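> File name model06.cif; file contents mmCIF, C-alpha atoms; full text below.
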```
data_start
loop_
_atom_site.label_atom_id
_atom_site.label_comp_id
_atom_site.auth_asym_id
_atom_site.auth_seq_id
_atom_site.Cartn_x
_atom_site.Cartn_y
_atom_site.Cartn_z
CA MET E 1 18.35 -3.27 19.63
CA ILE E 2 16.00 -5.09 17.29
CA LYS E 3 14.07 -7.81 19.07
CA GLY E 4 13.05 -10.95 17.23
CA LEU E 5 9.47 -12.17 17.25
CA GLN E 6 9.90 -15.13 19.60
CA SER E 7 11.29 -12.88 22.32
CA MET E 8 7.95 -11.07 22.42
CA SER E 9 5.46 -13.22 24.26
CA ASP E 10 2.81 -10.56 24.31
CA LEU E 11 1.62 -10.15 20.74
CA PHE E 12 -1.90 -11.49 21.18
CA SER E 13 -4.81 -10.62 23.45
CA LYS E 14 -8.36 -11.78 23.69
CA ILE E 15 -10.64 -8.99 24.87
CA ASP E 16 -12.56 -10.25 27.91
CA LEU E 17 -15.44 -7.81 28.40
CA GLU E 18 -16.83 -9.70 31.40
CA LYS E 19 -13.60 -9.46 33.41
CA GLY E 20 -12.48 -6.21 31.77
CA SER E 21 -9.17 -7.87 30.99
CA LEU E 22 -6.99 -7.59 27.93
CA GLY E 23 -5.53 -11.05 27.39
CA GLY E 24 -5.67 -11.97 31.07
CA ARG E 25 -3.62 -8.94 32.09
CA PRO E 26 -4.30 -7.28 35.46
CA VAL E 27 -7.35 -5.05 35.83
CA GLU E 28 -7.13 -1.77 37.73
CA ASN E 29 -10.39 -0.70 39.32
CA ARG E 30 -11.53 2.84 40.01
CA TYR E 31 -14.23 3.26 42.61
CA LEU E 32 -16.43 6.21 43.45
CA SER E 33 -14.07 7.03 46.34
CA ASN E 34 -11.21 7.43 43.84
CA LEU E 35 -13.09 10.26 42.08
CA ARG E 36 -13.54 12.68 44.97
CA GLY E 37 -13.77 16.20 43.56
CA PHE E 38 -14.49 15.14 39.99
CA PHE E 39 -18.30 15.25 40.01
CA ALA E 40 -19.99 18.65 39.96
CA ASN E 41 -22.53 18.02 42.71
CA GLU E 42 -20.50 17.48 45.89
CA ASP E 43 -23.57 16.70 48.06
CA ALA E 44 -24.79 14.09 45.59
CA TYR E 45 -21.30 12.58 45.53
CA GLN E 46 -21.17 12.33 49.31
CA SER E 47 -24.61 10.80 49.48
CA CYS E 48 -23.81 8.21 46.74
CA LEU E 49 -20.57 7.31 48.49
CA GLU E 50 -22.32 6.73 51.80
CA GLN E 51 -24.71 4.31 50.10
CA ASP E 52 -22.12 2.41 48.11
CA ASN E 53 -18.52 2.89 47.02
CA ALA E 54 -19.48 1.69 43.55
CA LEU E 55 -17.06 0.44 40.93
CA LEU E 56 -17.04 3.15 38.24
CA TYR E 57 -14.56 1.76 35.75
CA SER E 58 -11.65 -0.54 35.12
CA VAL E 59 -8.60 -0.45 32.89
CA SER E 60 -6.41 -3.31 31.66
CA SER E 61 -3.28 -2.42 29.71
CA MET E 62 -1.08 -4.11 27.14
CA THR E 63 2.43 -2.68 26.85
CA PRO E 64 4.34 -5.08 24.62
CA ALA E 65 7.31 -2.93 23.67
CA GLU E 66 8.98 0.41 24.24
CA GLY E 67 10.90 2.67 21.89
CA GLU E 68 10.42 4.71 18.75
CA GLY E 69 7.27 3.76 16.83
CA GLN E 70 5.85 1.41 19.46
CA LEU E 71 2.27 1.52 20.75
CA HIS E 72 0.51 0.69 23.99
CA LEU E 73 -3.18 0.07 24.52
CA GLY E 74 -5.76 -0.21 27.22
CA LEU E 75 -9.19 -1.79 27.57
CA GLY E 76 -11.60 0.41 29.50
CA VAL E 77 -14.93 -0.70 30.94
CA LEU E 78 -17.05 2.13 32.32
CA TYR E 79 -20.18 1.16 34.25
CA PRO E 80 -23.57 2.86 33.92
CA GLY E 81 -24.86 5.12 36.66
CA LYS E 82 -25.11 8.72 37.82
CA VAL E 83 -23.93 10.94 40.68
CA GLY E 84 -26.93 13.23 41.01
CA ASP E 85 -27.73 13.93 37.37
CA GLU E 86 -24.12 13.60 36.16
CA TYR E 87 -23.27 10.41 34.35
CA TYR E 88 -20.52 8.07 35.51
CA MET E 89 -17.28 9.02 33.84
CA THR E 90 -13.54 8.46 33.97
CA LYS E 91 -11.17 10.90 35.66
CA GLY E 92 -9.86 11.88 32.26
CA HIS E 93 -6.31 12.73 31.40
CA LEU E 94 -3.91 14.64 29.23
CA HIS E 95 -0.87 12.88 27.88
CA THR E 96 2.37 13.72 29.61
CA LYS E 97 3.82 14.03 26.15
CA ARG E 98 1.28 16.58 25.02
CA GLU E 99 1.63 15.94 21.26
CA ALA E 100 0.56 12.31 21.64
CA ALA E 101 -2.78 11.35 20.13
CA GLU E 102 -4.98 8.39 21.10
CA VAL E 103 -7.42 6.31 19.08
CA TYR E 104 -10.50 5.05 20.92
CA VAL E 105 -12.48 2.13 19.52
CA GLY E 106 -15.97 1.54 20.96
CA LEU E 107 -16.62 -2.17 21.61
CA LYS E 108 -19.89 -2.26 23.58
CA GLY E 109 -22.40 0.14 25.02
CA VAL E 110 -23.10 3.80 24.33
CA GLY E 111 -21.60 7.03 25.61
CA TYR E 112 -19.41 9.96 24.76
CA MET E 113 -15.92 11.30 24.93
CA LEU E 114 -15.54 14.79 26.27
CA LEU E 115 -12.57 16.49 24.67
CA GLU E 116 -11.06 19.73 25.87
CA HIS E 117 -8.14 21.37 24.15
CA GLU E 118 -5.58 22.49 26.71
CA VAL E 119 -4.45 25.53 24.73
CA SER E 120 -7.57 26.79 22.93
CA GLN E 121 -9.90 25.53 25.71
CA GLU E 122 -12.41 24.43 23.07
CA SER E 123 -14.65 21.56 24.12
CA MET E 124 -16.14 18.84 21.98
CA LEU E 125 -18.54 16.05 22.87
CA VAL E 126 -18.05 13.07 20.55
CA SER E 127 -20.13 9.90 20.45
CA LEU E 128 -18.34 6.70 21.54
CA ALA E 129 -20.33 3.52 21.11
CA GLU E 130 -19.95 0.04 19.70
CA GLY E 131 -18.56 0.29 16.16
CA GLU E 132 -17.38 3.88 16.51
CA VAL E 133 -13.89 5.37 16.48
CA VAL E 134 -12.78 8.61 18.12
CA TYR E 135 -9.46 10.30 17.41
CA VAL E 136 -8.15 12.29 20.35
CA PRO E 137 -5.59 14.79 19.03
CA GLY E 138 -2.57 15.97 20.97
CA TYR E 139 -2.94 18.64 23.67
CA THR E 140 -6.46 17.41 24.35
CA ALA E 141 -7.81 16.33 27.73
CA HIS E 142 -10.21 13.43 27.29
CA ARG E 143 -12.75 11.72 29.47
CA THR E 144 -15.15 8.89 28.73
CA ILE E 145 -18.80 9.13 29.83
CA ASN E 146 -21.38 6.33 29.97
CA THR E 147 -24.87 7.59 29.11
CA GLY E 148 -26.39 4.15 28.58
CA ASP E 149 -27.69 1.45 30.86
CA MET E 150 -25.00 -1.15 30.20
CA PRO E 151 -21.20 -1.08 30.52
CA LEU E 152 -19.37 1.02 27.92
CA ALA E 153 -16.30 -0.86 26.75
CA TYR E 154 -13.57 0.55 24.52
CA LEU E 155 -9.95 0.23 23.53
CA GLY E 156 -7.56 3.17 23.64
CA ILE E 157 -4.39 2.91 21.53
CA TYR E 158 -1.58 5.43 22.04
CA PRO E 159 2.14 5.90 21.43
CA TRP E 160 4.21 3.99 24.01
CA ASP E 161 5.64 7.24 25.44
CA ALA E 162 2.35 9.21 25.66
CA GLY E 163 2.18 8.96 29.43
CA HIS E 164 -0.89 9.73 31.55
CA ASP E 165 -1.11 13.09 33.29
CA TYR E 166 -4.06 12.97 35.71
CA GLY E 167 -2.79 15.83 37.84
CA ALA E 168 -3.80 18.67 35.53
CA ILE E 169 -7.41 17.38 35.41
CA ALA E 170 -7.57 16.70 39.14
CA GLU E 171 -6.59 20.33 39.71
CA ARG E 172 -8.94 22.13 37.34
CA ASN E 173 -11.35 19.43 36.06
CA PHE E 174 -13.10 19.87 32.68
CA LEU E 175 -14.94 23.09 31.77
CA LYS E 176 -18.11 21.19 30.83
CA VAL E 177 -20.27 18.62 32.59
CA LEU E 178 -22.58 16.08 30.98
CA VAL E 179 -25.85 15.71 32.88
CA GLU E 180 -29.20 14.07 32.30
CA ARG E 181 -32.16 16.40 31.62
CA GLU E 182 -35.53 14.78 30.90
CA GLY E 183 -33.80 11.53 30.04
CA GLN E 184 -31.34 13.12 27.60
CA PRO E 185 -27.64 13.96 28.00
CA VAL E 186 -27.04 17.71 28.00
CA LEU E 187 -23.64 19.41 28.05
CA LEU E 188 -23.48 22.35 30.44
CA ASP E 189 -20.81 24.78 31.58
CA ARG E 190 -19.42 23.84 34.98
CA GLN E 191 -20.84 26.23 37.59
CA MET T 1 1.83 24.43 15.28
CA ILE T 2 -0.82 23.34 17.74
CA LYS T 3 -4.19 22.95 16.08
CA GLY T 4 -7.36 23.60 18.02
CA LEU T 5 -10.15 21.04 18.16
CA GLN T 6 -12.61 22.79 15.86
CA SER T 7 -10.07 22.87 13.04
CA MET T 8 -10.10 19.07 13.05
CA SER T 9 -13.25 17.90 11.34
CA ASP T 10 -12.20 14.29 11.34
CA LEU T 11 -12.26 13.13 14.93
CA PHE T 12 -15.15 10.69 14.66
CA SER T 13 -15.86 7.67 12.48
CA LYS T 14 -18.59 5.12 12.38
CA ILE T 15 -17.31 1.74 11.23
CA ASP T 16 -19.44 0.61 8.29
CA LEU T 17 -18.72 -3.10 7.85
CA GLU T 18 -21.15 -3.45 4.94
CA LYS T 19 -19.47 -0.80 2.82
CA GLY T 20 -16.00 -1.34 4.35
CA SER T 21 -15.83 2.37 5.04
CA LEU T 22 -14.44 4.21 8.02
CA GLY T 23 -16.73 7.17 8.57
CA GLY T 24 -17.74 7.40 4.93
CA ARG T 25 -14.13 7.71 3.75
CA PRO T 26 -13.13 6.24 0.38
CA VAL T 27 -12.66 2.49 0.08
CA GLU T 28 -9.74 1.07 -1.89
CA ASN T 29 -10.44 -2.35 -3.38
CA ARG T 30 -7.91 -5.07 -4.09
CA TYR T 31 -8.95 -7.68 -6.62
CA LEU T 32 -7.45 -11.06 -7.45
CA SER T 33 -5.72 -9.45 -10.43
CA ASN T 34 -3.88 -7.09 -8.05
CA LEU T 35 -2.25 -10.06 -6.28
CA ARG T 36 -0.47 -11.68 -9.21
CA GLY T 37 2.56 -13.56 -7.88
CA PHE T 38 1.40 -13.61 -4.26
CA PHE T 39 -0.33 -16.98 -4.14
CA ALA T 40 1.83 -20.10 -4.10
CA ASN T 41 -0.04 -22.08 -6.76
CA GLU T 42 0.35 -20.11 -9.98
CA ASP T 43 -1.89 -22.46 -12.03
CA ALA T 44 -4.69 -22.23 -9.47
CA TYR T 45 -4.31 -18.44 -9.48
CA GLN T 46 -4.59 -18.28 -13.27
CA SER T 47 -7.61 -20.54 -13.29
CA CYS T 48 -9.39 -18.55 -10.53
CA LEU T 49 -8.68 -15.30 -12.35
CA GLU T 50 -10.14 -16.64 -15.60
CA GLN T 51 -13.35 -17.51 -13.78
CA ASP T 52 -13.70 -14.28 -11.84
CA ASN T 53 -11.50 -11.35 -10.89
CA ALA T 54 -12.89 -11.54 -7.36
CA LEU T 55 -12.71 -8.76 -4.79
CA LEU T 56 -10.24 -10.00 -2.16
CA TYR T 57 -10.16 -7.11 0.28
CA SER T 58 -10.76 -3.43 0.85
CA VAL T 59 -9.14 -0.76 2.97
CA SER T 60 -10.53 2.57 4.18
CA SER T 61 -8.18 4.92 5.99
CA MET T 62 -8.51 7.72 8.52
CA THR T 63 -5.55 10.10 8.67
CA PRO T 64 -6.65 12.98 10.88
CA ALA T 65 -3.30 14.57 11.67
CA GLU T 66 0.40 14.41 10.97
CA GLY T 67 3.36 15.05 13.21
CA GLU T 68 5.04 13.72 16.32
CA GLY T 69 2.77 11.45 18.37
CA GLN T 70 -0.07 11.29 15.83
CA LEU T 71 -1.75 8.07 14.67
CA HIS T 72 -3.43 6.86 11.51
CA LEU T 73 -5.78 3.93 11.13
CA GLY T 74 -7.37 1.74 8.53
CA LEU T 75 -10.41 -0.51 8.34
CA GLY T 76 -9.70 -3.72 6.46
CA VAL T 77 -12.34 -6.14 5.16
CA LEU T 78 -10.93 -9.39 3.77
CA TYR T 79 -13.37 -11.70 1.99
CA PRO T 80 -13.50 -15.48 2.39
CA GLY T 81 -12.23 -17.77 -0.35
CA LYS T 82 -9.24 -19.74 -1.58
CA VAL T 83 -6.85 -19.83 -4.52
CA GLY T 84 -6.30 -23.57 -4.81
CA ASP T 85 -5.92 -24.54 -1.15
CA GLU T 86 -4.43 -21.20 -0.07
CA TYR T 87 -6.76 -18.88 1.80
CA TYR T 88 -7.52 -15.37 0.59
CA MET T 89 -5.06 -12.95 2.12
CA THR T 90 -3.75 -9.40 1.87
CA LYS T 91 -0.55 -8.55 0.05
CA GLY T 92 1.06 -7.80 3.38
CA HIS T 93 3.55 -5.09 4.09
CA LEU T 94 6.46 -3.87 6.13
CA HIS T 95 6.44 -0.33 7.42
CA THR T 96 8.66 2.08 5.55
CA LYS T 97 9.77 3.27 8.95
CA ARG T 98 10.81 -0.17 10.12
CA GLU T 99 10.56 0.53 13.87
CA ALA T 100 6.85 1.36 13.61
CA ALA T 101 4.46 -1.09 15.27
CA GLU T 102 0.77 -1.61 14.43
CA VAL T 103 -2.16 -2.69 16.58
CA TYR T 104 -4.82 -4.83 14.88
CA VAL T 105 -8.28 -5.12 16.40
CA GLY T 106 -10.52 -7.91 15.11
CA LEU T 107 -14.10 -6.71 14.55
CA LYS T 108 -15.85 -9.57 12.72
CA GLY T 109 -15.00 -12.97 11.31
CA VAL T 110 -12.09 -15.32 11.95
CA GLY T 111 -8.61 -15.60 10.54
CA TYR T 112 -4.96 -15.08 11.24
CA MET T 113 -2.11 -12.67 10.93
CA LEU T 114 1.08 -14.06 9.50
CA LEU T 115 4.06 -12.22 10.96
CA GLU T 116 7.60 -12.50 9.64
CA HIS T 117 10.50 -10.71 11.21
CA GLU T 118 12.61 -9.05 8.54
CA VAL T 119 15.89 -9.50 10.41
CA SER T 120 15.56 -12.80 12.28
CA GLN T 121 13.23 -14.28 9.62
CA GLU T 122 11.15 -15.90 12.37
CA SER T 123 7.52 -16.50 11.47
CA MET T 124 4.50 -16.45 13.73
CA LEU T 125 0.87 -17.21 12.98
CA VAL T 126 -1.42 -15.31 15.34
CA SER T 127 -5.19 -15.58 15.58
CA LEU T 128 -7.16 -12.50 14.50
CA ALA T 129 -10.90 -12.70 15.07
CA GLU T 130 -13.73 -10.65 16.54
CA GLY T 131 -12.70 -9.49 20.01
CA GLU T 132 -8.99 -10.18 19.54
CA VAL T 133 -6.01 -7.85 19.43
CA VAL T 134 -2.70 -8.48 17.69
CA TYR T 135 0.40 -6.38 18.24
CA VAL T 136 2.67 -6.24 15.21
CA PRO T 137 6.13 -5.18 16.38
CA GLY T 138 8.56 -3.15 14.32
CA TYR T 139 10.63 -4.81 11.57
CA THR T 140 7.83 -7.30 11.03
CA ALA T 141 6.12 -8.05 7.73
CA HIS T 142 2.43 -8.75 8.32
CA ARG T 143 -0.37 -10.20 6.26
CA THR T 144 -3.98 -10.93 7.16
CA ILE T 145 -5.56 -14.25 6.17
CA ASN T 146 -9.25 -15.16 6.20
CA THR T 147 -9.81 -18.81 7.16
CA GLY T 148 -13.53 -18.46 7.80
CA ASP T 149 -16.61 -18.35 5.62
CA MET T 150 -17.56 -14.73 6.24
CA PRO T 151 -15.67 -11.44 5.80
CA LEU T 152 -12.87 -10.79 8.28
CA ALA T 153 -12.99 -7.16 9.38
CA TYR T 154 -10.35 -5.41 11.48
CA LEU T 155 -8.85 -2.07 12.35
CA GLY T 156 -5.14 -1.39 12.11
CA ILE T 157 -3.76 1.55 14.10
CA TYR T 158 -0.22 2.78 13.43
CA PRO T 159 2.01 5.82 13.91
CA TRP T 160 1.25 8.51 11.30
CA ASP T 161 4.73 8.15 9.75
CA ALA T 162 4.85 4.33 9.60
CA GLY T 163 4.41 4.21 5.83
CA HIS T 164 3.53 1.11 3.80
CA ASP T 165 6.30 -0.75 1.99
CA TYR T 166 4.68 -3.31 -0.31
CA GLY T 167 7.73 -3.63 -2.55
CA ALA T 168 9.80 -5.84 -0.26
CA ILE T 169 6.95 -8.37 0.02
CA ALA T 170 6.13 -8.27 -3.69
CA GLU T 171 9.77 -9.17 -4.36
CA ARG T 172 10.30 -12.05 -1.96
CA ASN T 173 6.83 -12.83 -0.52
CA PHE T 174 6.48 -14.51 2.89
CA LEU T 175 8.45 -17.65 3.79
CA LYS T 176 5.29 -19.49 4.89
CA VAL T 177 1.93 -20.18 3.26
CA LEU T 178 -1.34 -20.95 5.01
CA VAL T 179 -3.31 -23.66 3.24
CA GLU T 180 -6.34 -25.80 3.96
CA ARG T 181 -5.70 -29.48 4.70
CA GLU T 182 -8.71 -31.64 5.57
CA GLY T 183 -10.71 -28.54 6.45
CA GLN T 184 -8.04 -27.11 8.76
CA PRO T 185 -5.53 -24.28 8.22
CA VAL T 186 -1.96 -25.57 8.11
CA LEU T 187 1.16 -23.40 7.91
CA LEU T 188 3.73 -24.75 5.44
CA ASP T 189 7.09 -23.62 4.15
CA ARG T 190 6.83 -22.01 0.75
CA GLN T 191 8.15 -24.44 -1.89
#
```
Represent the structure of the file as structure tokens.

Amino acid sequence: MIKGLQSMSDLFSKIDLEKGSLGGRPVENRYLSNLRGFFANEDAYQSCLEQDNALLYSVSSMTPAEGEGQLHLGLGVLYPGKVGDEYYMTKGHLHTKREAAEVYVGLKGVGYMLLEHEVSQESMLVSLAEGEVVYVPGYTAHRTINTGDMPLAYLGIYPWDAGHDYGAIAERNFLKVLVEREGQPVLLDRQ
Amino acid sequence: MIKGLQSMSDLFSKIDLEKGSLGGRPVENRYLSNLRGFFANEDAYQSCLEQDNALLYSVSSMTPAEGEGQLHLGLGVLYPGKVGDEYYMTKGHLHTKREAAEVYVGLKGVGYMLLEHEVSQESMLVSLAEGEVVYVPGYTAHRTINTGDMPLAYLGIYPWDAGHDYGAIAERNFLKVLVEREGQPVLLDRQ
């Protein structure tokens, strides 16, 4: 079925960086307690959590249409902070449809995307900051990391049927961790 | 074939709004002379062209991968100006693969996207400015229009196989024109 234009109410969105909302759409929050097992230093995680179940990031999604050739997108806002010496980050995900790529557009702040190819297991750390674009190819787990001192905001645009597979990451996590050493981000192998 | 990460050199791009380039990629320029027949007032067009074959807009594209689930994107920079009372605009296009959608992200400046559904012939004028997102559904001709006094810059993200069909627009143009009336943009039927 070919929809007309007027039947689609959802063609426009203002990006609200304060509220983390894409055109007034709902915002899903992820708190420190939602990322149990993701940070490398378990003691540091426990100690941070006891002090404050901090808001780590939020996502607001725009899903105007489904079907061949359609796209969905999400606004992510990732707050600054560290668990021990590991920077605040998203859980990260693979796409359920493994071929599906995603384009990230940095809107505010500074940070990185950690990419890990599911098949070759290669890792790549790619800058994501205001005015920068990162292409996440298919078969690539991706996580956003805030290394700055202000929120890192970005859009992610992906095929409507990409799907989010968080399970694979929750089970094995990424092979690398990004930690602060003498004020600089350093990528290390997970111990 | 599943490519590894290292074989893809093109995962990152800085957006260069001054040069109109996406990560240093080539910039294609469109001058007034390239838009013969697109503006409503043919006399005004001829007179503008005699004065100066002005640069109307540029596009720089990033096409990292092809195949199911992949995405391509382009950086557009549309300059301010008018031909008679009609604002500078892009040629506009339909996707060769008609189902394919496109997501526009406004980076700088103010303007509009004119959407026209190929089947229902409905038109819609949607704001496109810094911090705004427009979803162009399938089967929808789309053109960008600069109503401000500075360049309008935006990203367009689309499925790798969307394709650009400029022929259909060149033949019949859009049904509506956006002109300035007492300092304000007004959408009129094409005469």
> Given the point (-17.3, 2.8, 48.3) in the file's coordinates, find the residues that have an atom at most 10 Å from it, counting all atoms listed in the file, and give them as an MDAnalysis selection string.
chainID E and resid 31:34 48:55
> Distance cut-off 8 Å, counting all atoms listed in the file - which residues of chain T neighbour chain E? Return them as a PyMOL selection string.
chain T and resi 2+4-6+10-16+64-65+68-71+99-103+116-117+119-120+122-124+126-127+131-139+157-159+162
> Calculated over all atoms listed in the file, which of the candidates E:Pro185, E:Gly156, E:Leu35, E:Ser58 has the smallest distance to Asn173 of chain E?
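Closest to Asn173 of chain E of all the choices is E:Leu35.
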> For this file, the PyMOL selection byres ((chain T and resi 82) around 10) selects which residues, as a PyMOL selection string?
chain T and resi 39+44-45+48+56+79-81+83-89+146-147+179-180
> How about saving the chosen residues, C-alpha atoms kept, as a compact mmCIF listing (two decimals), in the frame of the given file?

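After the write, selection.txt holds the following:
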```txt
# COMPACT_ATOMS: atom_id res chain seq x y z
CA PHE T 39 -0.33 -16.98 -4.14
CA ALA T 44 -4.69 -22.23 -9.47
CA TYR T 45 -4.31 -18.44 -9.48
CA CYS T 48 -9.39 -18.55 -10.53
CA LEU T 56 -10.24 -10.00 -2.16
CA TYR T 79 -13.37 -11.70 1.99
CA PRO T 80 -13.50 -15.48 2.39
CA GLY T 81 -12.23 -17.77 -0.35
CA VAL T 83 -6.85 -19.83 -4.52
CA GLY T 84 -6.30 -23.57 -4.81
CA ASP T 85 -5.92 -24.54 -1.15
CA GLU T 86 -4.43 -21.20 -0.07
CA TYR T 87 -6.76 -18.88 1.80
CA TYR T 88 -7.52 -15.37 0.59
CA MET T 89 -5.06 -12.95 2.12
CA ASN T 146 -9.25 -15.16 6.20
CA THR T 147 -9.81 -18.81 7.16
CA VAL T 179 -3.31 -23.66 3.24
CA GLU T 180 -6.34 -25.80 3.96
```
> Separation of atom CA of Val177 of chain T and atom CA of Gly20 of chain T, in Å?
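Rounded to one decimal, the two atoms are 26.0 Å apart.
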> Let me know the residues the PyMOL selection byres ((chain E and resi 27) around 12) catches in the file above, as a VMD selection string.
chain E and resid 16 to 26 28 to 30 57 to 62 74 to 77
> Could you dump the residues just selected with C-alpha atoms as a PDB file, in the frame of the given file?

```pdb
ATOM      1  CA  ASP E  16     -12.560 -10.250  27.910  1.00  0.00           C
ATOM      2  CA  LEU E  17     -15.440  -7.810  28.400  1.00  0.00           C
ATOM      3  CA  GLU E  18     -16.830  -9.700  31.400  1.00  0.00           C
ATOM      4  CA  LYS E  19     -13.600  -9.460  33.410  1.00  0.00           C
ATOM      5  CA  GLY E  20     -12.480  -6.210  31.770  1.00  0.00           C
ATOM      6  CA  SER E  21      -9.170  -7.870  30.990  1.00  0.00           C
ATOM      7  CA  LEU E  22      -6.990  -7.590  27.930  1.00  0.00           C
ATOM      8  CA  GLY E  23      -5.530 -11.050  27.390  1.00  0.00           C
ATOM      9  CA  GLY E  24      -5.670 -11.970  31.070  1.00  0.00           C
ATOM     10  CA  ARG E  25      -3.620  -8.940  32.090  1.00  0.00           C
ATOM     11  CA  PRO E  26      -4.300  -7.280  35.460  1.00  0.00           C
ATOM     12  CA  GLU E  28      -7.130  -1.770  37.730  1.00  0.00           C
ATOM     13  CA  ASN E  29     -10.390  -0.700  39.320  1.00  0.00           C
ATOM     14  CA  ARG E  30     -11.530   2.840  40.010  1.00  0.00           C
ATOM     15  CA  TYR E  57     -14.560   1.760  35.750  1.00  0.00           C
ATOM     16  CA  SER E  58     -11.650  -0.540  35.120  1.00  0.00           C
ATOM     17  CA  VAL E  59      -8.600  -0.450  32.890  1.00  0.00           C
ATOM     18  CA  SER E  60      -6.410  -3.310  31.660  1.00  0.00           C
ATOM     19  CA  SER E  61      -3.280  -2.420  29.710  1.00  0.00           C
ATOM     20  CA  MET E  62      -1.080  -4.110  27.140  1.00  0.00           C
ATOM     21  CA  GLY E  74      -5.760  -0.210  27.220  1.00  0.00           C
ATOM     22  CA  LEU E  75      -9.190  -1.790  27.570  1.00  0.00           C
ATOM     23  CA  GLY E  76     -11.600   0.410  29.500  1.00  0.00           C
ATOM     24  CA  VAL E  77     -14.930  -0.700  30.940  1.00  0.00           C
TER      25      VAL E  77
END
```
> To one decimal place in Å, what is the distance between atom CA of Gly111 of chain E and atom CA of Glu66 of chain T?
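Calculated distance between atom CA of Gly111 of chain E and atom CA of Glu66 of chain T is 27.4 Å.
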> Report, in Å with one decimal, the straight-line distance from atom CA of Thr144 of chain T to atom CA of Gly92 of chain T.
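A separation of 7.0 Å between them.
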> For the PyMOL selection byres ((chain T and resi 166) around 10), applied here, can you spell out every residue it catches as a PyMOL selection string?
chain T and resi 91-96+141+163-165+167-171+173
> Neighbouring residues of Asp189 of chain T were defined as those with any atom within 9 Å, considering only C-alpha atoms; residues of the same chain fewer than 5 positions away were excluded. Please report them as a PyMOL selection string.
chain T and resi 175-178
> With N, CA and C atoms as the target, complete segment 32-47 of chain E and hand it back as a tab-separated table (two decimals), in the coordinates of the input.

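Saved file selection_37.tsv follows:
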```tsv
chain	number	residue	atom	x	y	z
E	32	LEU	N	-15.90	4.87	43.20
E	32	LEU	CA	-16.43	6.21	43.45
E	32	LEU	C	-15.50	7.01	44.36
E	33	SER	N	-14.95	6.34	45.38
E	33	SER	CA	-14.07	7.03	46.34
E	33	SER	C	-12.79	7.55	45.68
E	34	ASN	N	-12.41	6.97	44.55
E	34	ASN	CA	-11.21	7.43	43.84
E	34	ASN	C	-11.47	8.71	43.03
E	35	LEU	N	-12.76	9.09	42.91
E	35	LEU	CA	-13.09	10.26	42.08
E	35	LEU	C	-13.63	11.44	42.90
E	36	ARG	N	-13.14	11.54	44.13
E	36	ARG	CA	-13.54	12.68	44.97
E	36	ARG	C	-13.14	13.98	44.27
E	37	GLY	N	-14.08	14.90	44.17
E	37	GLY	CA	-13.77	16.20	43.56
E	37	GLY	C	-14.02	16.28	42.07
E	38	PHE	N	-14.32	15.13	41.44
E	38	PHE	CA	-14.49	15.14	39.99
E	38	PHE	C	-15.94	15.44	39.57
E	39	PHE	N	-16.90	15.01	40.37
E	39	PHE	CA	-18.30	15.25	40.01
E	39	PHE	C	-18.73	16.64	40.49
E	40	ALA	N	-19.64	17.25	39.71
E	40	ALA	CA	-19.99	18.65	39.96
E	40	ALA	C	-20.76	18.83	41.27
E	41	ASN	N	-21.66	17.89	41.54
E	41	ASN	CA	-22.53	18.02	42.71
E	41	ASN	C	-21.91	17.30	43.91
E	42	GLU	N	-21.27	18.04	44.77
E	42	GLU	CA	-20.50	17.48	45.89
E	42	GLU	C	-21.42	16.78	46.90
E	43	ASP	N	-22.62	17.34	47.13
E	43	ASP	CA	-23.57	16.70	48.06
E	43	ASP	C	-24.03	15.36	47.51
E	44	ALA	N	-24.35	15.33	46.21
E	44	ALA	CA	-24.79	14.09	45.59
E	44	ALA	C	-23.68	13.05	45.66
E	45	TYR	N	-22.45	13.49	45.46
E	45	TYR	CA	-21.30	12.58	45.53
E	45	TYR	C	-21.21	11.96	46.91
E	46	GLN	N	-21.31	12.80	47.93
E	46	GLN	CA	-21.17	12.33	49.31
E	46	GLN	C	-22.28	11.34	49.64
E	47	SER	N	-23.46	11.66	49.19
E	47	SER	CA	-24.61	10.80	49.48
E	47	SER	C	-24.50	9.45	48.75
```
